[in-house]
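Have a look at start_36.cif; it's mmCIF, C-alpha atoms:
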```cif
data_query
#
loop_
_atom_site.label_atom_id
_atom_site.label_comp_id
_atom_site.auth_asym_id
_atom_site.auth_seq_id
_atom_site.Cartn_x
_atom_site.Cartn_y
_atom_site.Cartn_z
CA MET A 280 -6.43 14.07 -0.11
CA PRO A 281 -6.27 11.00 2.03
CA LEU A 282 -6.03 7.69 0.20
CA VAL A 283 -7.60 5.09 2.46
CA ARG A 284 -6.93 1.37 2.11
CA ILE A 285 -9.24 -0.84 4.15
CA ASP A 286 -8.55 -4.54 4.64
CA ILE A 287 -11.61 -6.37 5.90
CA PRO A 288 -12.47 -10.04 6.46
CA SER A 289 -14.03 -11.52 3.32
CA ASP A 290 -17.02 -12.89 5.21
CA THR A 291 -18.16 -9.39 6.19
CA PRO A 292 -21.61 -8.61 4.73
CA SER A 293 -21.45 -6.06 1.91
CA ALA A 294 -23.61 -3.61 3.82
CA THR A 295 -21.15 -3.68 6.71
CA VAL A 296 -18.21 -3.25 4.36
CA ARG A 297 -19.82 -0.10 3.01
CA GLN A 298 -20.66 1.08 6.49
CA VAL A 299 -17.04 0.74 7.61
CA ALA A 300 -15.86 2.70 4.58
CA ASP A 301 -18.46 5.41 5.25
CA LEU A 302 -17.52 5.63 8.93
CA VAL A 303 -13.80 5.91 8.24
CA HIS A 304 -14.58 8.76 5.90
CA LYS A 305 -16.90 10.39 8.43
CA ALA A 306 -14.11 10.21 11.03
CA LEU A 307 -11.64 11.84 8.63
CA VAL A 308 -14.08 14.65 7.94
CA SER A 309 -14.92 15.26 11.60
CA SER A 310 -11.42 14.99 13.04
CA LEU A 311 -9.24 16.47 10.27
CA ASN A 312 -11.87 18.74 8.78
CA ILE A 313 -11.30 17.51 5.24
CA PRO A 314 -13.99 18.23 2.65
CA VAL A 315 -16.75 15.61 2.44
CA ALA A 316 -15.99 15.36 -1.29
CA ASP A 317 -12.36 14.44 -0.62
CA ARG A 318 -12.96 10.69 -0.60
CA PHE A 319 -10.67 8.11 -2.16
CA GLN A 320 -10.77 4.57 -0.76
CA THR A 321 -9.89 1.06 -1.76
CA ILE A 322 -11.36 -1.93 0.03
CA THR A 323 -9.79 -5.37 0.03
CA ARG A 324 -11.75 -8.39 1.20
CA ARG A 325 -9.29 -10.80 2.81
CA ALA A 326 -9.69 -14.54 3.31
CA SER A 327 -8.73 -15.64 6.81
CA ASP A 328 -5.28 -16.73 5.63
CA GLU A 329 -4.62 -13.40 3.91
CA MET A 330 -4.61 -11.21 7.01
CA VAL A 331 -2.45 -12.13 9.98
CA CYS A 332 -2.78 -10.10 13.14
CA ALA A 333 -1.26 -10.53 16.56
CA GLU A 334 -3.64 -12.34 18.92
CA GLU A 335 -2.46 -9.94 21.62
CA PHE A 336 -0.11 -6.97 21.37
CA LEU A 337 0.47 -4.22 23.94
CA GLY A 338 -2.12 -5.86 26.15
CA ILE A 339 -4.83 -5.57 23.50
CA ALA A 340 -6.45 -8.81 22.33
CA HIS A 341 -7.37 -9.13 18.67
CA SER A 342 -10.09 -11.43 17.37
CA PRO A 343 -9.91 -12.92 13.87
CA ASN A 344 -12.43 -10.21 12.95
CA VAL A 345 -9.89 -7.44 12.57
CA LEU A 346 -9.73 -4.36 10.35
CA VAL A 347 -6.51 -2.92 8.96
CA ILE A 348 -6.93 0.70 7.90
CA GLN A 349 -4.01 2.39 6.17
CA ILE A 350 -4.34 6.08 5.39
CA VAL A 351 -1.93 8.00 3.19
CA LEU A 352 -2.37 11.69 3.90
CA ALA A 353 -0.65 15.06 4.05
CA PRO A 354 1.28 15.66 7.28
CA ARG A 355 -0.80 16.45 10.37
CA ASN A 356 0.18 17.27 13.94
CA GLY A 357 0.08 14.68 16.70
CA GLU A 358 -3.11 15.94 18.32
CA LEU A 359 -5.06 15.73 15.08
CA LYS A 360 -3.77 12.23 14.46
CA LYS A 361 -4.82 11.13 17.95
CA ALA A 362 -8.27 12.58 17.31
CA LEU A 363 -8.44 10.70 14.03
CA PHE A 364 -7.55 7.35 15.61
CA SER A 365 -10.13 7.86 18.31
CA ALA A 366 -12.85 8.95 15.88
CA ILE A 367 -12.31 5.97 13.56
CA ALA A 368 -12.37 3.37 16.36
CA THR A 369 -15.35 4.97 18.09
CA GLU A 370 -17.44 5.26 14.94
CA ILE A 371 -16.74 1.68 13.95
CA ALA A 372 -17.32 0.20 17.40
CA ASP A 373 -20.52 2.20 17.89
CA HIS A 374 -22.10 1.37 14.55
CA THR A 375 -20.77 -1.98 13.30
CA PRO A 376 -20.08 -5.43 14.74
CA PHE A 377 -16.31 -4.71 14.75
CA LYS A 378 -14.77 -4.00 18.16
CA ALA A 379 -12.59 -0.98 18.92
CA GLN A 380 -9.74 -3.28 19.92
CA ASP A 381 -9.79 -4.85 16.44
CA VAL A 382 -9.30 -1.60 14.56
CA ILE A 383 -5.65 -1.37 13.49
CA ILE A 384 -4.66 1.95 11.91
CA ASN A 385 -1.49 3.06 10.17
CA LEU A 386 -0.82 6.51 8.75
CA ILE A 387 1.68 7.36 6.03
CA GLU A 388 2.32 11.07 5.65
CA THR A 389 3.34 12.38 2.26
CA ALA A 390 3.72 15.92 0.92
CA LYS A 391 0.80 17.81 -0.58
CA GLU A 392 2.63 18.04 -3.87
CA ASN A 393 2.55 14.23 -4.12
CA TRP A 394 -1.04 14.02 -5.29
CA SER A 395 -2.93 14.37 -8.52
CA PHE A 396 -6.72 14.19 -8.41
CA GLY A 397 -7.19 14.05 -12.15
CA ASN A 398 -6.04 15.65 -15.39
CA GLY A 399 -2.38 14.99 -14.59
CA ILE A 400 -2.12 18.08 -12.43
CA ALA A 401 -0.64 18.32 -8.92
CA GLN A 402 -3.54 20.33 -7.55
CA PHE A 403 -1.80 21.13 -4.24
CA ALA A 404 1.73 21.80 -5.52
CA MET B 119 13.08 1.59 -8.11
CA PRO B 120 9.52 2.67 -8.17
CA LEU B 121 6.96 0.20 -6.86
CA VAL B 122 3.72 0.91 -8.65
CA ARG B 123 0.32 -0.20 -7.36
CA ILE B 124 -2.51 0.15 -9.85
CA ASP B 125 -6.15 -0.22 -8.78
CA ILE B 126 -8.42 -0.71 -11.78
CA PRO B 127 -12.10 -1.57 -12.20
CA SER B 128 -12.57 -5.33 -12.41
CA ASP B 129 -14.60 -5.10 -15.62
CA THR B 130 -11.64 -3.65 -17.52
CA PRO B 131 -10.60 -5.96 -20.39
CA SER B 132 -7.28 -7.67 -19.70
CA ALA B 133 -5.66 -6.07 -22.73
CA THR B 134 -6.53 -2.63 -21.36
CA VAL B 135 -5.25 -3.55 -17.91
CA ARG B 136 -1.90 -4.44 -19.45
CA GLN B 137 -1.93 -1.30 -21.56
CA VAL B 138 -2.46 0.89 -18.50
CA ALA B 139 0.41 -0.83 -16.69
CA ASP B 140 2.65 -0.40 -19.76
CA LEU B 141 1.73 3.28 -20.12
CA VAL B 142 2.37 4.08 -16.46
CA HIS B 143 5.79 2.53 -16.85
CA LYS B 144 6.41 4.41 -20.10
CA ALA B 145 5.54 7.67 -18.32
CA LEU B 146 7.96 6.88 -15.47
CA VAL B 147 10.73 6.18 -17.96
CA SER B 148 10.11 9.31 -20.03
CA SER B 149 9.55 11.78 -17.20
CA LEU B 150 11.92 10.51 -14.49
CA ASN B 151 14.43 8.88 -16.81
CA ILE B 152 14.41 5.59 -14.91
CA PRO B 153 15.80 2.53 -16.69
CA VAL B 154 13.29 0.59 -18.80
CA ALA B 155 14.27 -2.52 -16.86
CA ASP B 156 13.35 -0.88 -13.54
CA ARG B 157 9.77 -2.14 -13.53
CA PHE B 158 7.91 -3.44 -10.49
CA GLN B 159 4.12 -3.24 -10.50
CA THR B 160 1.14 -4.80 -8.81
CA ILE B 161 -2.32 -4.60 -10.30
CA THR B 162 -5.53 -5.01 -8.32
CA ARG B 163 -8.84 -5.52 -10.08
CA ARG B 164 -11.53 -3.89 -7.95
CA ALA B 165 -15.24 -4.63 -7.91
CA SER B 166 -17.36 -1.48 -7.99
CA ASP B 167 -17.87 -1.60 -4.22
CA GLU B 168 -14.13 -1.97 -3.54
CA MET B 169 -13.04 1.42 -4.88
CA VAL B 170 -14.78 4.57 -3.68
CA CYS B 171 -13.87 7.84 -5.35
CA ALA B 172 -15.30 11.31 -4.98
CA GLU B 173 -17.85 12.05 -7.70
CA GLU B 174 -16.40 15.54 -7.86
CA PHE B 175 -13.41 17.01 -6.04
CA LEU B 176 -11.59 20.28 -6.75
CA GLY B 177 -13.97 20.86 -9.64
CA ILE B 178 -12.97 17.61 -11.33
CA ALA B 179 -15.73 15.08 -11.97
CA HIS B 180 -14.91 11.39 -11.58
CA SER B 181 -16.78 8.62 -13.34
CA PRO B 182 -17.08 5.14 -11.80
CA ASN B 183 -14.33 4.19 -14.26
CA VAL B 184 -11.48 5.54 -12.21
CA LEU B 185 -7.83 4.48 -11.79
CA VAL B 186 -5.90 4.82 -8.54
CA ILE B 187 -2.16 4.74 -9.15
CA GLN B 188 0.13 4.72 -6.12
CA ILE B 189 3.85 4.96 -6.72
CA VAL B 190 6.48 4.41 -4.04
CA LEU B 191 9.73 5.94 -5.25
CA ALA B 192 12.95 7.62 -4.22
CA PRO B 193 12.57 11.37 -3.56
CA ARG B 194 12.26 13.60 -6.64
CA ASN B 195 11.92 17.36 -7.01
CA GLY B 196 8.59 19.05 -7.62
CA GLU B 197 9.12 19.71 -11.32
CA LEU B 198 9.87 16.06 -12.04
CA LYS B 199 6.81 14.98 -10.10
CA LYS B 200 4.62 17.40 -12.05
CA ALA B 201 6.04 16.00 -15.28
CA LEU B 202 5.31 12.48 -14.08
CA PHE B 203 1.66 13.26 -13.27
CA SER B 204 1.18 14.89 -16.64
CA ALA B 205 2.86 12.06 -18.53
CA ILE B 206 0.79 9.36 -16.82
CA ALA B 207 -2.55 11.08 -17.39
CA THR B 208 -1.72 12.02 -20.97
CA GLU B 209 -0.52 8.55 -21.95
CA ILE B 210 -3.58 6.89 -20.44
CA ALA B 211 -6.10 9.35 -21.87
CA ASP B 212 -4.50 9.21 -25.31
CA HIS B 213 -4.29 5.43 -25.58
CA THR B 214 -7.01 3.84 -23.42
CA PRO B 215 -10.71 4.40 -22.71
CA PHE B 216 -9.86 5.95 -19.32
CA LYS B 217 -10.21 9.73 -19.11
CA ALA B 218 -7.49 12.05 -17.77
CA GLN B 219 -9.87 13.30 -15.09
CA ASP B 220 -10.26 9.75 -13.76
CA VAL B 221 -6.56 9.17 -13.18
CA ILE B 222 -5.83 9.59 -9.46
CA ILE B 223 -2.14 9.47 -8.54
CA ASN B 224 -0.40 9.38 -5.18
CA LEU B 225 3.35 9.32 -4.61
CA ILE B 226 5.12 8.04 -1.51
CA GLU B 227 8.78 8.99 -1.36
CA THR B 228 11.14 6.70 0.50
CA ALA B 229 14.94 6.68 0.75
CA LYS B 230 17.08 4.82 -1.78
CA GLU B 231 18.42 2.61 0.97
CA ASN B 232 14.90 1.29 1.55
CA TRP B 233 14.92 -1.10 -1.38
CA SER B 234 16.18 -4.55 -2.14
CA PHE B 235 15.83 -5.85 -5.68
CA GLY B 236 16.86 -9.39 -4.88
CA ASN B 237 19.44 -11.41 -2.99
CA GLY B 238 18.74 -9.58 0.25
CA ILE B 239 21.00 -6.69 -0.68
CA ALA B 240 20.15 -2.97 -0.47
CA GLN B 241 21.49 -2.22 -3.93
CA PHE B 242 21.27 1.57 -3.53
CA ALA B 243 22.46 1.88 0.09
CA MET C 300 4.61 -2.07 14.62
CA PRO C 301 5.54 -3.12 11.14
CA LEU C 302 2.66 -3.56 8.72
CA VAL C 303 3.78 -6.12 6.15
CA ARG C 304 2.15 -6.49 2.74
CA ILE C 305 3.17 -9.61 0.86
CA ASP C 306 2.33 -10.08 -2.83
CA ILE C 307 2.72 -13.69 -3.89
CA PRO C 308 1.89 -15.63 -7.07
CA SER C 309 -1.63 -17.05 -6.86
CA ASP C 310 -0.48 -20.56 -7.75
CA THR C 311 1.63 -20.78 -4.59
CA PRO C 312 0.40 -23.61 -2.34
CA SER C 313 -1.31 -22.31 0.81
CA ALA C 314 1.24 -23.97 3.05
CA THR C 315 4.02 -22.09 1.27
CA VAL C 316 2.11 -18.82 1.49
CA ARG C 317 1.91 -19.26 5.25
CA GLN C 318 5.56 -20.25 5.42
CA VAL C 319 6.63 -17.09 3.60
CA ALA C 320 4.55 -14.95 5.97
CA ASP C 321 6.03 -16.76 8.97
CA LEU C 322 9.59 -16.36 7.68
CA VAL C 323 9.20 -12.64 6.97
CA HIS C 324 8.01 -12.21 10.52
CA LYS C 325 10.85 -14.35 11.88
CA ALA C 326 13.33 -12.15 9.98
CA LEU C 327 11.78 -8.99 11.43
CA VAL C 328 12.04 -10.39 14.93
CA SER C 329 15.63 -11.57 14.54
CA SER C 330 17.04 -8.55 12.72
CA LEU C 331 15.08 -5.65 14.26
CA ASN C 332 14.39 -7.28 17.59
CA ILE C 333 10.67 -6.54 17.47
CA PRO C 334 8.38 -8.50 19.81
CA VAL C 335 7.13 -11.82 18.43
CA ALA C 336 3.60 -10.61 19.19
CA ASP C 337 4.05 -7.53 16.99
CA ARG C 338 2.71 -9.16 13.85
CA PHE C 339 0.41 -7.47 11.32
CA GLN C 340 0.45 -8.79 7.76
CA THR C 341 -1.70 -8.79 4.66
CA ILE C 342 -1.17 -11.30 1.90
CA THR C 343 -2.33 -10.79 -1.68
CA ARG C 344 -2.38 -13.69 -4.11
CA ARG C 345 -1.64 -12.29 -7.57
CA ALA C 346 -2.53 -13.79 -10.94
CA SER C 347 0.39 -13.72 -13.37
CA ASP C 348 -0.94 -10.59 -15.06
CA GLU C 349 -1.34 -8.76 -11.73
CA MET C 350 2.33 -8.60 -10.78
CA VAL C 351 4.86 -7.27 -13.28
CA CYS C 352 8.53 -7.49 -12.38
CA ALA C 353 11.63 -6.69 -14.37
CA GLU C 354 13.09 -9.81 -15.99
CA GLU C 355 16.51 -8.45 -15.11
CA PHE C 356 17.44 -5.34 -13.14
CA LEU C 357 20.84 -4.40 -11.71
CA GLY C 358 22.22 -7.64 -13.07
CA ILE C 359 19.72 -9.73 -11.09
CA ALA C 360 17.43 -12.01 -13.08
CA HIS C 361 13.83 -12.40 -11.87
CA SER C 362 11.68 -15.44 -12.62
CA PRO C 363 7.89 -15.16 -12.88
CA ASN C 364 7.89 -16.63 -9.35
CA VAL C 365 8.64 -13.39 -7.57
CA LEU C 366 7.67 -12.01 -4.15
CA VAL C 367 7.03 -8.34 -3.45
CA ILE C 368 7.31 -7.56 0.25
CA GLN C 369 6.42 -4.06 1.40
CA ILE C 370 7.00 -3.20 5.04
CA VAL C 371 5.74 -0.03 6.70
CA LEU C 372 7.71 0.48 9.89
CA ALA C 373 9.12 3.03 12.30
CA PRO C 374 12.44 4.55 11.16
CA ARG C 375 15.52 2.32 11.52
CA ASN C 376 19.19 2.94 10.76
CA GLY C 377 20.82 1.69 7.59
CA GLU C 378 22.65 -1.23 9.20
CA LEU C 379 19.47 -2.63 10.68
CA LYS C 380 17.69 -2.32 7.36
CA LYS C 381 20.50 -4.14 5.58
CA ALA C 382 20.29 -6.89 8.18
CA LEU C 383 16.54 -7.10 7.64
CA PHE C 384 16.85 -7.45 3.86
CA SER C 385 19.44 -10.16 4.26
CA ALA C 386 17.44 -12.05 6.87
CA ILE C 387 14.25 -12.04 4.81
CA ALA C 388 15.92 -13.24 1.62
CA THR C 389 17.98 -15.87 3.41
CA GLU C 390 15.07 -17.30 5.37
CA ILE C 391 12.88 -17.50 2.28
CA ALA C 392 15.55 -18.98 0.01
CA ASP C 393 16.60 -21.52 2.65
CA HIS C 394 13.12 -22.75 3.51
CA THR C 395 10.80 -22.24 0.52
CA PRO C 396 10.94 -22.79 -3.26
CA PHE C 397 11.37 -19.03 -3.79
CA LYS C 398 14.87 -17.89 -4.79
CA ALA C 399 16.75 -15.07 -3.04
CA GLN C 400 16.98 -13.18 -6.31
CA ASP C 401 13.17 -13.16 -6.57
CA VAL C 402 12.61 -11.48 -3.21
CA ILE C 403 11.84 -7.78 -3.81
CA ILE C 404 11.60 -5.68 -0.66
CA ASN C 405 10.51 -2.09 -0.11
CA LEU C 406 10.44 -0.26 3.21
CA ILE C 407 8.31 2.76 4.05
CA GLU C 408 9.32 4.47 7.27
CA THR C 409 6.67 6.32 9.23
CA ALA C 410 6.72 7.89 12.68
CA LYS C 411 5.86 5.88 15.79
CA GLU C 412 2.96 8.19 16.48
CA ASN C 413 1.37 7.07 13.19
CA TRP C 414 0.04 3.79 14.54
CA SER C 415 -2.92 2.58 16.50
CA PHE C 416 -3.05 -1.06 17.52
CA GLY C 417 -6.59 -0.99 18.77
CA ASN C 418 -9.01 1.06 20.87
CA GLY C 419 -8.34 4.21 18.87
CA ILE C 420 -5.21 5.01 20.84
CA ALA C 421 -1.80 5.94 19.42
CA GLN C 422 0.09 3.55 21.68
CA PHE C 423 3.53 4.90 20.77
CA ALA C 424 2.73 8.63 20.63
#
```
Can you give me the file's structure in the form of structure tokens?
Amino acid sequence: MPLVRIDIPSDTPSATVRQVADLVHKALVSSLNIPVADRFQTITRRASDEMVCAEEFLGIAHSPNVLVIQIVLAPRNGELKKALFSAIATEIADHTPFKAQDVIINLIETAKENWSFGNGIAQFA
Amino acid sequence: MPLVRIDIPSDTPSATVRQVADLVHKALVSSLNIPVADRFQTITRRASDEMVCAEEFLGIAHSPNVLVIQIVLAPRNGELKKALFSAIATEIADHTPFKAQDVIINLIETAKENWSFGNGIAQFA
Amino acid sequence: MPLVRIDIPSDTPSATVRQVADLVHKALVSSLNIPVADRFQTITRRASDEMVCAEEFLGIAHSPNVLVIQIVLAPRNGELKKALFSAIATEIADHTPFKAQDVIINLIETAKENWSFGNGIAQFA
């Protein structure tokens, strides 16, 4: 059910782009226990002037090589969301050239009845 | 008031892209009874590696030729939202090469006061 | 904490694109009193067939030269949101070729715990 929108610098190699998308999905599966098959993602390659991020915010420095990951999902409790943030940043920092400090994540929670996964039916209503 | 974001494969002919956008709007008008003039849409053409969708989820198979339609709108009741999903998928399947099973829809509900349609005024506050 | 998504016509000069992004941020700082360093924006250049806006809605005419500004932010009261709309439209109309009537704004409010600004931590949870 999550819809994941990943914004990634346009000079990222295609293999790394795919890896980031795979790792975000892996983190969703491991932390929220969603089905592996529940994968819906869009990826936007951004030129350097199409993504503006704070150089430093809350004491965290951001390089120009930043990721913005927006996830629309059904409501979850705070502990699960913390686990999700941690899993995404850890997976990405461990397996790609992106640094944990450059992983920006935003969640938008929306009711289960607000989704159709085909055939014009609200499968979770 | 809805803001509609349509993600569509980049090899879709421009006439079909426009048709999909028109049909989504037609479905919003017919099912939610919004004014015809209330049309605000963005369309993103996606290369095949910029849109990842489950090959099968909830028993519904998805081809690579998938549409992701995200609609930000004022809150509606469940019956209206079901009617909207059905109208969008039916219009698209009936009039374009896209199949009903490949129409993924997500709604984000946000208060009426969260919109400005010009001149810096919250017209519905 | 806001995540700002700006959709702008693709024939806009790059200097104007940057100016619009700067002015939206300036308006957020002045009206909501967010820190100057709290800046996270994506900018999407749209071909004319990738952004469809009502020619006239609520008595406001829209030219083809329209901006769609979507801001995901923590909940704010109605007065602050009105001030934000006004500040964005005024700044843009005063300092760029875009007209106040062509500034479309949508807010999505999401809890403070729904953000991570790096290192996989929910800094405001």
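For the set B:Ser234, B:Ile126, B:Asp156, B:Pro215, the residue with the smallest atom-to-atom gap to chain A is B:Ile126, counting all atoms listed in the file.
CA of Phe423 in chain C lies 28.8 Å from CA of Arg317 in chain C.
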Check every residue of chain C for an atom within 9 Å of chain A, counting only C-alpha atoms, and provide those that qualify as number ranges by chain. C: 302, 313, 316-317, 320, 334-344, 371, 407-410, 412-422, 424
Go ahead and fit an axis-aligned box to every listed atom of range 187-197 of chain B plus 6 Å each side, and pass me the centre and edge lengths in Å, one decimal, as JSON.
```
{"center_x": 5.4, "center_y": 12.1, "center_z": -7.4, "size_x": 27.1, "size_y": 27.3, "size_z": 19.8}
```
Please, what distance in Å, to one decimal, runs between CA of Asp393 in chain C and CA of Pro301 in chain C? 23.1 Å
